[in-house]
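First the structure, in the form of structure tokens, and then the observations on it.
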Amino acid sequence: MPRGLDHIVHAVRDLDAAGEFYRRAGFTVGARNRHPWGTHNRIVQFPGFFIELITLGEPELIVTPPTGAFSFGDFTRDFLARGEGLSMLVLEGKGAAADVTAFDKAGIGHFDRFDFEREARRPDGSPVKVGFSLAFATDPKAPDTGYFTCQQHFPENFWNPAFQQHSNGTAGIAGVTMVAENPADHAAFLRAFSGASDVKSNSNGIAIKTPRGEIQVMDPTAYRRHFAVEPPDLARGARLAAIRLSLGGKAALMPLLENGGIAFTEHMGNVIIPSGAAHGATLIFETSK
């Protein structure tokens, strides 16, 4: 069964500074949350999708994972040692146990299922419980990207329309963009990870339509041509590069960026915040044509 986009992880060195950047760009940003394995996060939520800002909050709690396990703290620490940016791509999970089995069978994952709960806050400040079960996959040609599916156990406590209203007019997720020297090298992995039956190839690279948003992989030349920004460093393999967001129009967004002192460009009808201004991630606002 095809898996839609669930969230993307944006690793940052200063969580409050990154949250303030997103706020100045017109997003509603959630409060700081703490993970028992040493990372802290803040959430930018849309219908069915969210951006997870993550940092090392308590590095002394990070442990090296045993065989068969994945450590968020360990992965995030190593990622941030090389720089900020988009570190993990997450798809919706309907059943973590089934995903673990499917990934193992496809040869893209040999990790144990991971279950955890944490406290969250409603808009009025009252506490609620949220819980997740995760199934991990790995692409050896993209070692700086984490992949997993996320099954929510208390979705009614997590998703909240009040958190999904953004003053910049962003309505939701359009897709995510990776950059690779040879996009076709990642087609088999992404087909198995997404559960998609079809991977489209074109002169720019490859693209997969999911039930929620698109996963596209471009080569560096195509990425520069389409977005007029520099791709991430590919010395260690393919990298997540950009979040593509659906925007009804530019009227609300432009003044916010200008008043917030946020650098941006306009290219091919889209508004683009380059990675240098957005803590290592490129944000692409795709306007209605």
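Just remember, in the structure tokens the first chain shown is A, the second B, etc., residues are 1-based per chain, and ligands are 1-based in the order shown.
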Item to check | Distance query range 73-89 of chain A at most 10 Å, only C-alpha atoms, self and fewer than 3 positions along chain excluded, as a PyMOL selection string | outcome: chain A and resi 5-14+35-40+51-65+70+143-149+176+178+215+232+239-243+275-276+278-282
Would you write out, as a Markdown table, a table of all residues in range 50-156 of chain A that have an atom no more than 7 Å from an atom of range 189-199 of chain A, listing for each the closest atom pair and the distance in Å to one decimal, considering only C-alpha atoms and ordering rows by chain and rising residue number?
```
| residue | atom | partner | partner_atom | distance |
| --- | --- | --- | --- | --- |
| A:Ala106 | CA | A:Ala192 | CA | 6.7 |
| A:Ile108 | CA | A:Phe189 | CA | 6.9 |
| A:Asp139 | CA | A:Phe189 | CA | 6.6 |
```
Limited to C-alpha atoms, could you put the picked residues into a file as a compact mmCIF listing (two decimals), in the first residue's frame?
```txt
# COMPACT_ATOMS: atom_id res chain seq x y z
CA ALA A 106 12.83 -5.83 0.41
CA ILE A 108 16.14 -2.02 2.78
CA ASP A 139 19.67 3.59 1.63
```
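Distance check against Ala171 in chain A using only C-alpha atoms: of A:Ile262, A:Pro255, A:Leu247, A:Glu286, the minimum falls on A:Leu247.
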Item to check | Residues of range 18-183 of chain A in alpha helix (DSSP H), written as an NGL selection string | outcome: :A and (18-24 or 72-82 or 96-106 or 155-158)
Expected file: the selected residues, N, CA, C and O atoms, as a CSV table (one decimal), in the first residue's frame:
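Wrote again-v2.csv, looks like this:
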```
chain,number,residue,atom,x,y,z
A,18,ALA,N,15.9,28.6,15.4
A,18,ALA,CA,15.2,28.0,14.2
A,18,ALA,C,13.7,28.2,14.3
A,18,ALA,O,13.1,28.5,13.3
A,19,GLY,N,13.2,28.0,15.5
A,19,GLY,CA,11.8,28.3,15.7
A,19,GLY,C,11.4,29.7,15.5
A,19,GLY,O,10.4,30.0,14.9
A,20,GLU,N,12.3,30.6,15.9
A,20,GLU,CA,12.1,32.1,15.6
A,20,GLU,C,12.1,32.4,14.1
A,20,GLU,O,11.4,33.2,13.6
A,21,PHE,N,13.1,31.7,13.4
A,21,PHE,CA,13.1,31.9,11.9
A,21,PHE,C,11.8,31.5,11.3
A,21,PHE,O,11.2,32.2,10.5
A,22,TYR,N,11.3,30.3,11.7
A,22,TYR,CA,10.0,29.8,11.1
A,22,TYR,C,8.9,30.8,11.5
A,22,TYR,O,7.9,31.0,10.7
A,23,ARG,N,8.9,31.3,12.7
A,23,ARG,CA,7.8,32.2,13.1
A,23,ARG,C,7.9,33.5,12.3
A,23,ARG,O,6.9,34.0,11.9
A,24,ARG,N,9.1,34.0,12.1
A,24,ARG,CA,9.2,35.3,11.3
A,24,ARG,C,8.8,35.0,9.9
A,24,ARG,O,8.4,35.9,9.2
A,72,PHE,N,18.0,8.1,17.5
A,72,PHE,CA,17.8,9.5,17.0
A,72,PHE,C,18.9,10.4,17.5
A,72,PHE,O,19.4,11.3,16.7
A,73,GLY,N,19.2,10.3,18.7
A,73,GLY,CA,20.3,11.1,19.3
A,73,GLY,C,21.6,10.9,18.6
A,73,GLY,O,22.3,11.9,18.2
A,74,ASP,N,22.0,9.7,18.4
A,74,ASP,CA,23.3,9.4,17.8
A,74,ASP,C,23.3,9.9,16.3
A,74,ASP,O,24.3,10.5,15.9
A,75,PHE,N,22.2,9.7,15.6
A,75,PHE,CA,22.2,10.1,14.2
A,75,PHE,C,22.2,11.6,14.1
A,75,PHE,O,22.9,12.2,13.3
A,76,THR,N,21.4,12.3,15.0
A,76,THR,CA,21.3,13.7,14.9
A,76,THR,C,22.6,14.4,15.3
A,76,THR,O,23.1,15.4,14.7
A,77,ARG,N,23.3,13.8,16.3
A,77,ARG,CA,24.6,14.3,16.7
A,77,ARG,C,25.6,14.3,15.6
A,77,ARG,O,26.3,15.2,15.3
A,78,ASP,N,25.6,13.1,14.9
A,78,ASP,CA,26.6,13.0,13.8
A,78,ASP,C,26.2,13.9,12.6
A,78,ASP,O,27.1,14.4,12.0
A,79,PHE,N,24.9,14.0,12.4
A,79,PHE,CA,24.5,14.9,11.3
A,79,PHE,C,24.9,16.3,11.6
A,79,PHE,O,25.4,17.0,10.7
A,80,LEU,N,24.6,16.8,12.8
A,80,LEU,CA,24.9,18.2,13.1
A,80,LEU,C,26.4,18.5,13.2
A,80,LEU,O,26.8,19.6,13.0
A,81,ALA,N,27.2,17.5,13.4
A,81,ALA,CA,28.6,17.7,13.4
A,81,ALA,C,29.1,18.1,12.0
A,81,ALA,O,30.1,18.7,11.8
A,82,ARG,N,28.3,17.8,11.0
A,82,ARG,CA,28.6,18.1,9.6
A,82,ARG,C,27.9,19.4,9.1
A,82,ARG,O,28.2,20.0,8.1
A,96,ALA,N,3.4,-0.6,12.1
A,96,ALA,CA,4.9,-0.6,12.1
A,96,ALA,C,5.4,-2.0,12.0
A,96,ALA,O,6.4,-2.2,11.3
A,97,ALA,N,4.7,-3.0,12.6
A,97,ALA,CA,5.2,-4.4,12.5
A,97,ALA,C,5.2,-4.9,11.1
A,97,ALA,O,6.2,-5.5,10.6
A,98,ALA,N,4.2,-4.5,10.3
A,98,ALA,CA,4.1,-4.9,8.9
A,98,ALA,C,5.2,-4.2,8.1
A,98,ALA,O,5.8,-4.8,7.2
A,99,ASP,N,5.4,-2.9,8.4
A,99,ASP,CA,6.5,-2.2,7.7
A,99,ASP,C,7.9,-2.8,8.0
A,99,ASP,O,8.7,-2.9,7.1
A,100,VAL,N,8.1,-3.1,9.2
A,100,VAL,CA,9.4,-3.8,9.5
A,100,VAL,C,9.6,-5.0,8.7
A,100,VAL,O,10.7,-5.2,8.1
A,101,THR,N,8.6,-5.8,8.6
A,101,THR,CA,8.7,-7.1,7.8
A,101,THR,C,8.9,-6.8,6.3
A,101,THR,O,9.7,-7.4,5.7
A,102,ALA,N,8.1,-5.8,5.8
A,102,ALA,CA,8.2,-5.4,4.4
A,102,ALA,C,9.6,-4.9,4.1
A,102,ALA,O,10.2,-5.2,3.0
A,103,PHE,N,10.1,-4.0,4.9
A,103,PHE,CA,11.5,-3.5,4.6
A,103,PHE,C,12.5,-4.5,4.7
A,103,PHE,O,13.5,-4.5,3.9
A,104,ASP,N,12.4,-5.4,5.7
A,104,ASP,CA,13.4,-6.5,5.7
A,104,ASP,C,13.3,-7.4,4.5
A,104,ASP,O,14.4,-7.8,3.9
A,105,LYS,N,12.1,-7.7,4.1
A,105,LYS,CA,11.9,-8.6,2.9
A,105,LYS,C,12.5,-7.9,1.6
A,105,LYS,O,13.1,-8.6,0.8
A,106,ALA,N,12.3,-6.6,1.6
A,106,ALA,CA,12.8,-5.8,0.4
A,106,ALA,C,14.3,-5.6,0.5
A,106,ALA,O,14.9,-5.0,-0.5
A,155,PRO,N,-3.7,9.8,17.4
A,155,PRO,CA,-3.7,10.9,16.4
A,155,PRO,C,-4.6,12.1,16.8
A,155,PRO,O,-4.3,13.3,16.5
A,156,GLU,N,-5.7,11.8,17.5
A,156,GLU,CA,-6.6,12.9,17.9
A,156,GLU,C,-5.9,13.9,18.9
A,156,GLU,O,-6.4,15.0,19.1
A,157,ASN,N,-4.8,13.4,19.6
A,157,ASN,CA,-4.1,14.3,20.5
A,157,ASN,C,-3.0,15.0,19.8
A,157,ASN,O,-2.4,16.0,20.4
A,158,PHE,N,-2.6,14.6,18.6
A,158,PHE,CA,-1.5,15.2,17.9
A,158,PHE,C,-1.9,16.2,16.9
A,158,PHE,O,-1.5,17.4,16.9
```
Checklist entry - Contacts of Leu257 in chain A at 10 Å or less, counting only C-alpha atoms, minus same-chain residues fewer than 3 places along, as a VMD selection string? => result chain A and resid 21 24 to 26 168 252 to 254 260 to 264 273
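The nearest approach to Cys150 in chain A among the residues A:Ser133, A:Gln165, A:Asn202, A:Thr287, with only C-alpha atoms taken into account, belongs to A:Ser133.
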Can you tell me which residues surround Asn33 in chain A at a distance of at most 8 Å, considering only C-alpha atoms, apart from same-chain residues fewer than 4 positions away, and format the answer as a compact mmCIF listing (two decimals) with all heavy atoms, in the first residue's frame?
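New file around12.txt:
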```
# COMPACT_ATOMS: atom_id res chain seq x y z
N HIS A 40 15.65 17.38 21.57
CA HIS A 40 14.47 18.20 21.80
C HIS A 40 13.91 18.60 20.44
O HIS A 40 14.65 18.69 19.46
CB HIS A 40 14.83 19.47 22.58
CG HIS A 40 15.22 19.22 24.00
ND1 HIS A 40 15.47 20.25 24.88
CD2 HIS A 40 15.40 18.07 24.71
CE1 HIS A 40 15.80 19.76 26.07
NE2 HIS A 40 15.77 18.44 25.97
N ASN A 41 12.59 18.85 20.38
CA ASN A 41 12.01 19.25 19.10
C ASN A 41 10.95 20.32 19.26
O ASN A 41 10.47 20.60 20.36
CB ASN A 41 11.47 18.04 18.32
CG ASN A 41 10.13 17.52 18.85
OD1 ASN A 41 9.52 18.08 19.75
ND2 ASN A 41 9.66 16.43 18.28
N ARG A 42 10.61 20.93 18.14
CA ARG A 42 9.45 21.82 18.00
C ARG A 42 8.80 21.46 16.67
O ARG A 42 9.48 21.03 15.73
CB ARG A 42 9.87 23.30 18.05
CG ARG A 42 10.51 23.70 19.36
CD ARG A 42 10.89 25.17 19.41
NE ARG A 42 9.71 26.02 19.49
CZ ARG A 42 9.76 27.36 19.57
NH1 ARG A 42 10.94 27.98 19.54
NH2 ARG A 42 8.66 28.08 19.65
N GLU A 119 4.65 13.49 26.30
CA GLU A 119 3.59 14.44 26.62
C GLU A 119 3.59 15.57 25.60
O GLU A 119 4.64 16.05 25.18
CB GLU A 119 3.80 15.02 28.02
CG GLU A 119 2.67 15.94 28.49
CD GLU A 119 2.90 16.48 29.88
OE1 GLU A 119 2.52 15.79 30.86
OE2 GLU A 119 3.47 17.58 30.00
N ALA A 120 2.40 15.96 25.17
CA ALA A 120 2.24 17.11 24.28
C ALA A 120 1.30 18.11 24.94
O ALA A 120 0.75 17.85 26.01
CB ALA A 120 1.70 16.66 22.93
```
Checklist entry - Among range 106-206 of chain A, which residues carry a DSSP assignment of strand (DSSP E), reported as JSON, numbers by chain? => result {"A": [114, 115, 116, 117, 118, 119, 120, 121, 127, 128, 129, 130, 131, 132, 133, 134, 135, 136, 137, 146, 147, 148, 149, 150, 151, 152, 170, 171, 172, 173, 174, 175, 176, 177, 178, 179, 200, 201, 202, 205, 206]}
